[in-house]
Each structure stands twice: as C-alpha cells, then as structure tokens.
Amino acid sequence: MFRLLRRLVILVLAAIALFVLLPPGARTLPDAPAGISPGVRGVMHIHTGRSDGTGSIADVTAAAARAGLKFIIVTDHGDATREPDLPDNRNGVLYIDAVEISTNSGHVIALGLPKAPYPLRGDARDVLEDITRLGGFAIAAHPGSEKPELRWTEWDGAFGGLEWLNADSEWRDERWWTLARGLIAYPFRPPQSLALLLDRPEPIMQQWDTLTQRRRVVAVAGVDAHARVGVRTVGEPYDTGGSLHFPSYLNSFREFSITVGDVQLTGNAAMDAQRVLAGIRAGHVYSTIDALAGPAALRFTASSGSRTGSMGDLLALGGPVTLRIDAQAPPDAHITLFRNGMPSATGDGPVLQHDAAAEAAVYRVEVALPRSPGNPPVPWLVSNPVYVGRSSDEPAAPERARPRDSELLYDGGPGRNWTIEKSPASDGAMDTVATLGGSELLLRFALSGVPSDNPYTAFVMPATGRMAMHDRLVFTARADRPMRMSVQLRAPTGGEGERWRRSVYLDQTPRTIQVFFDEFRPLGSTGATTPALSNVQSVLFVVDTVNTKIGSNGRIWVDDIKYAR
C-alpha cells in the first residue's frame, strides 16, 4: 500500500511539474477584419536530403500541407551550379526551389536564381554581385547566429533581404534549463515548445533598422528546417555523424511562417512562384509566430495626400502622413509603430491609427502578445516597412571617383618578365595575339588534379615601386565564357609570401575593370588586413577552384594594364 501511495505521489508531482513546464497552446483568434486579404502563407529556408536535411521534397510538401501552408521555398546548400527544379504543385502546396550559398562572410539565400555558369562562392561581395547579375534576390541567412561560420558579416554588401528570425540561431543562445524545458514539453505541445527558444533578436533588428534608413531591405523569418539534430553535438543539425529526426518538418512549419500579401494562387505553378517571389522581393510580406496564435492577417498602410502605400512600398510625400494598422488580433494584443527604428506610437487591440508630420521616415510594425516567450519577448507579428518620402534607394556601396591620372604597365607585345605558376597537375600558357590596335596577352589555363591539391593557374606580372603612389589597378579583359578571375597582390613576407585578393567577373565582352587596392582582402594569414603597397612585388591573375571547377580549361585576354589614381 505504501509503495502504491508513493507511486501516486510521484505521478502527481510529475503531472504538476509538467503542467508548470508546459507552454500555453496557440490562442484562438477572432475573425479577420473586413476587407483584409489573408494573403498566401508559407515558409522558407528548408533543407532536404539533397544537402543536410533528412526528407524528400514529397516529405516536405506533405508536412507543409498538414501545416496548412500554401507554399514552401526549399534552400538546400550548394554553389548554384545545380539546375533548380521548376516550380511545381505537390501535395497541394506550391514548391519553389532555391539555394543557400556559403561565402567567406556567412551564408546567403538566393531566390529566383537560374543555374550559374560557374560555382558561386568566395567573398560575399562577389557572390552578391553574381546573384544580382543572374537575376536572383539575395537574403542574408541566420545573420545573428552564435556560430561564427554561419553569422553574416558583410553588412555593406548589396543583399536585398535578411532573416530577422532564424530557428537555428535562436536555440544557440539559450540557457540549458530553457532547452531542457523545451525538450520535456515537446511531445505534448511541439510548436509551442520550439517557440520557447525564441527571443526578439535585438542586434539584428537594430541592424535592419539602420540599413532601411539608406535602402529597402526585406526582413523574413526563416525556419531553417533540417528535421535532424546531431547525436554527438546535441542540437547541431550540421553534425555529419548520427542524428535524430527532430524536430519534424511538420512541427517546424507550425512554429512560424511568412505571409505574402496581395497574392492569389492560380494553380499555374510557374506563374504562382513568380508572384510569390515578386511579393517577397517587394517587401509585401510579414512574419507570424503561429505557435502563439495564427494564422493571422495583417494590413499596414501609410497615406500622404492622394497616395497610399503598404509594406515594402516607397511613398512620395503629398502632405501629412496617416498610418493605419489592422490586425487579426485579440483585445490584449499590443501594437507598436516604429519610426526610423524607434517606437513612435502604441496601442492595444486590433487597430492602431497614427497621424504624423509630412516628413521622410521609415515606418514598420510589431504586434506583441502577453506572456510571449523570450528575453526580450519575441514579437508575434512583424511587418516590413513603408518608406515614406523616399523616391529611390541609395546604392549599397557608393560609386568611386574616376581616375585623374595613370601609369601604363602593359600596352601590347609580349609580357616581359611575366611568369606562370601552377599546381602540379594544372597547366598554363601565355601568348601574344594581334588586335585591331596592336596586340594583347592571351592567357590559357587548364585546371586538373584533386581538391586536396588546390588546383590553380596563375599569370604573374612584376609590380613596381610606383604602385604605392596609386589607389587602383586598371585593365581591360575578356574570357571565352562567363567566369571569375582572382587578381592578387603578393608581398615576399614569410615562406611563400603574403597575398591579398580581389575577384573580378569576365565574359565574352571586353570591358575595362578597376580593382581598388583598399578593397583587396587577405588570402590566408597575413600580418595586415590590407597590403602595404610599397612591399608588393607581384600582381597575379589567378584561376582557381574558388569559382572554377576542376577539369575546366579556357582563355582570358588581357590588355591596357596600368596603375591609376
């Protein structure tokens, strides 16, 4: 009898502990306000068995259908040389194929990108340039990750969006007892248990607000779903050893989502994918933590004079500004209107209207629910901004001044004192070929070997002491196909010297290329971030496996090489 009583006490205490640890379920929402289109809800940043996820496209779309989603964007890791799948309707869900690319400054998601003609990797600025050239839209992935190799650091780059929330980043900064609570509660309320790990990511929100003062930057929530955690490194989906299929795609998809407004799906997959991606590019998208309550409709508009704009729009000033927020929210929801990153107006309930002066400003909205998880609490709804009084965006990088004078280094004839360096199995040759105005250098390369050999071919031009009197290297070049060539500066410090690099894009069209010396970045370990030009002895034109596949060969024409300032 005593043993039975003890077991009952233990069960009661366990039930009480579970009740305390269990997060509340998702709240039931009122009907959406009249006239608000619900938009199209989906998730993005998903990995399948093609990279480091566990499921197939069929598995992912089936889970998305059960979660009530209308679209998914799969972003398996790659270098963009795989032909993306065509948009398709599978299990009643629109499937859009994209790619997550690794760079030297973090990872970037490329939406709407066709197959690239060469591997996209290396410096983030170059990958962003290539994504834009190919017609894609770049989103900085997990920019606030606690893991350095995942964290985005190229904040001056020309990316179009960022993940203000990323599920993989959110668990990494949690204390062990929060992780333990989520693990204990997961079998009973999976989405809400995952949401226990969410916070309002203050540094990323501040960075986003800073960026939007200069240009439009779209913010989205990325589920970063792998349906796996490593066994050796608990919670780490990138562990290549054994893993558990946890959390499931279904529960990840029920944690939070994005909604693209003013879009209706037609059943034509190609057309629908184009509309969804166009809506994301335009910033006509908001995020919802569905584990708290959802799905939820949100409308955010700004009016000035006779003009009205919504999320993502540039709104010209025509007088005082009226801002209105209508949310499918309960009475205790708290709405905050941000102006240039600072709270400007607040209100409780589903509606907030605010009148502002006829001044240029960037406005966005967050809606919070009481007792939301996190420290600080994660917002329930996050809109994209309306850019009031803005007629255009500032460029991500300011244009550099044109050179005033220059010093010629090569203008036809043989490359005197030039040399060729290469890995053992690769090859290179240099010829002088005739042109209409004289002659130019033809550089021929062939990369061969195995990855551990780091195959490369380099055409080496001696530098001169007068480099230090200039700020850039200028040359004309073309190639027999689209490719990237690495321009490198080498100083004789250490055993093999120190090098700095700047990658340039080439194709069949001859063009004048400028590479500024202060934009060169270290290649490997160097004593300084930028080269001391007075110490540079060689300029190298290098083709290597950063952007060229092993087994490739090709030709590059170079002429009119000079220092300039």
# chains A, B, ... in the order shown; residues from 1 in each chain; ligands from 1
$ residues_around --residues "Asp224 of chain A" --least-positions-apart "2" --cutoff "10 Å" --atoms "only C-alpha atoms" --output "list in words"
Val43, Met44, His45, Ile46, His47, Gly53, Val74, Thr75, Asp76, Ala141, His142, Leu165, Asn166, Ala167, Asp168, Ser169, Ala221, Gly222, His226, Ala227, Pro237, Tyr249, Ser252 and Phe253 of chain A
$ select_by_dssp --residues "segment 208-428 of chain A" --states "helix (DSSP H, G or I)" --output "number ranges by chain"
A: 208-212, 249-253, 269-281
$ closest_residue --among "A:Arg339, A:His245, A:Arg133, A:Lys70" --to "Thr266 of chain A" --atoms "only C-alpha atoms"
A:Lys70
$ closest_atom_pairs --of "segment 431-495 of chain A" --to "segment 382-403 of chain A" --cutoff "10 Å" --atoms "only C-alpha atoms" --output "CSV"
residue,atom,partner,partner_atom,distance
A:His470,CA,A:Pro403,CA,9.6
A:Asp471,CA,A:Pro403,CA,9.0
A:Arg472,CA,A:Pro403,CA,8.7
A:Val474,CA,A:Pro403,CA,9.6
$ residues_around --residues "Ser287 of chain A" --least-positions-apart "4" --cutoff "8 Å" --atoms "only C-alpha atoms" --output "count of residues only"
10
$ atom_distance --atom1 "atom CA of Ala329 of chain A" --atom2 "atom CA of Phe188 of chain A"
25.4 Å
$ residues_around --residues "Gly319 of chain A" --least-positions-apart "6" --cutoff "8 Å" --atoms "only C-alpha atoms" --output "list of chain:residue names"
A:Ser304, A:Gly305, A:Ala357, A:Ala358
$ write_last_selection --atoms "all heavy atoms" --output "PDB file, in the first residue's frame"
ATOM      1  N   SER A 304      -0.444  59.663 -47.759  1.00  0.00           N
ATOM      2  CA  SER A 304       0.028  61.048 -47.766  1.00  0.00           C
ATOM      3  C   SER A 304      -0.551  61.720 -49.002  1.00  0.00           C
ATOM      4  O   SER A 304      -0.260  61.304 -50.133  1.00  0.00           O
ATOM      5  CB  SER A 304       1.558  61.105 -47.792  1.00  0.00           C
ATOM      6  OG  SER A 304       2.019  62.440 -47.763  1.00  0.00           O
ATOM      7  N   GLY A 305      -1.391  62.735 -48.797  1.00  0.00           N
ATOM      8  CA  GLY A 305      -2.090  63.336 -49.924  1.00  0.00           C
ATOM      9  C   GLY A 305      -3.008  62.316 -50.560  1.00  0.00           C
ATOM     10  O   GLY A 305      -3.787  61.643 -49.872  1.00  0.00           O
ATOM     11  N   ALA A 357       3.753  63.966 -39.150  1.00  0.00           N
ATOM     12  CA  ALA A 357       4.081  65.126 -39.976  1.00  0.00           C
ATOM     13  C   ALA A 357       4.533  64.692 -41.365  1.00  0.00           C
ATOM     14  O   ALA A 357       4.898  63.535 -41.594  1.00  0.00           O
ATOM     15  CB  ALA A 357       5.170  65.951 -39.292  1.00  0.00           C
ATOM     16  N   ALA A 358       4.526  65.653 -42.280  1.00  0.00           N
ATOM     17  CA  ALA A 358       4.953  65.387 -43.660  1.00  0.00           C
ATOM     18  C   ALA A 358       6.473  65.373 -43.719  1.00  0.00           C
ATOM     19  O   ALA A 358       7.120  66.279 -44.257  1.00  0.00           O
ATOM     20  CB  ALA A 358       4.373  66.448 -44.601  1.00  0.00           C
TER      21      ALA A 358
END
$ closest_residue --among "A:Ala302, A:Ala446, A:Ala291, A:Leu244" --to "Thr28 of chain A" --atoms "only C-alpha atoms"
A:Ala291
$ closest_residue --among "A:Lys115, A:Arg41, A:Arg121, A:Lys562" --to "Pro295 of chain A" --atoms "only C-alpha atoms"
A:Arg41
$ closest_atom_pairs --of "segment 289-401 of chain A" --to "segment 197-203 of chain A" --cutoff "8 Å" --atoms "only C-alpha atoms" --output "tab-separated table"
residue	atom	partner	partner_atom	distance
A:Pro373	CA	A:Leu198	CA	6.4
A:Gly374	CA	A:Asp199	CA	4.1
A:Asn375	CA	A:Asp199	CA	5.7
A:Pro376	CA	A:Arg200	CA	5.5
A:Pro377	CA	A:Asp199	CA	5.3
A:Val378	CA	A:Arg200	CA	4.2
A:Pro379	CA	A:Arg200	CA	6.5
$ closest_residue --among "A:Arg511, A:Lys549, A:His284, A:Arg371" --to "Ser448 of chain A" --atoms "only C-alpha atoms"
A:Lys549
$ residues_around --residues "Gly527 of chain A" --least-positions-apart "6" --cutoff "12 Å" --atoms "only C-alpha atoms" --output "list of chain:residue names"
A:Ala491, A:Pro492, A:Thr493, A:Gly494, A:Gly497, A:Glu498, A:Arg499, A:Trp500, A:Arg521
$ residues_around --residues "Gly312 of chain A" --least-positions-apart "6" --cutoff "12 Å" --atoms "only C-alpha atoms" --output "PyMOL selection string"
chain A and resi 160-161+212+215-219+260-261+278-286+300-302+362-364+383-388+390
$ atom_distance --atom1 "atom CA of Pro191 of chain A" --atom2 "atom CA of Gly49 of chain A"
22.6 Å
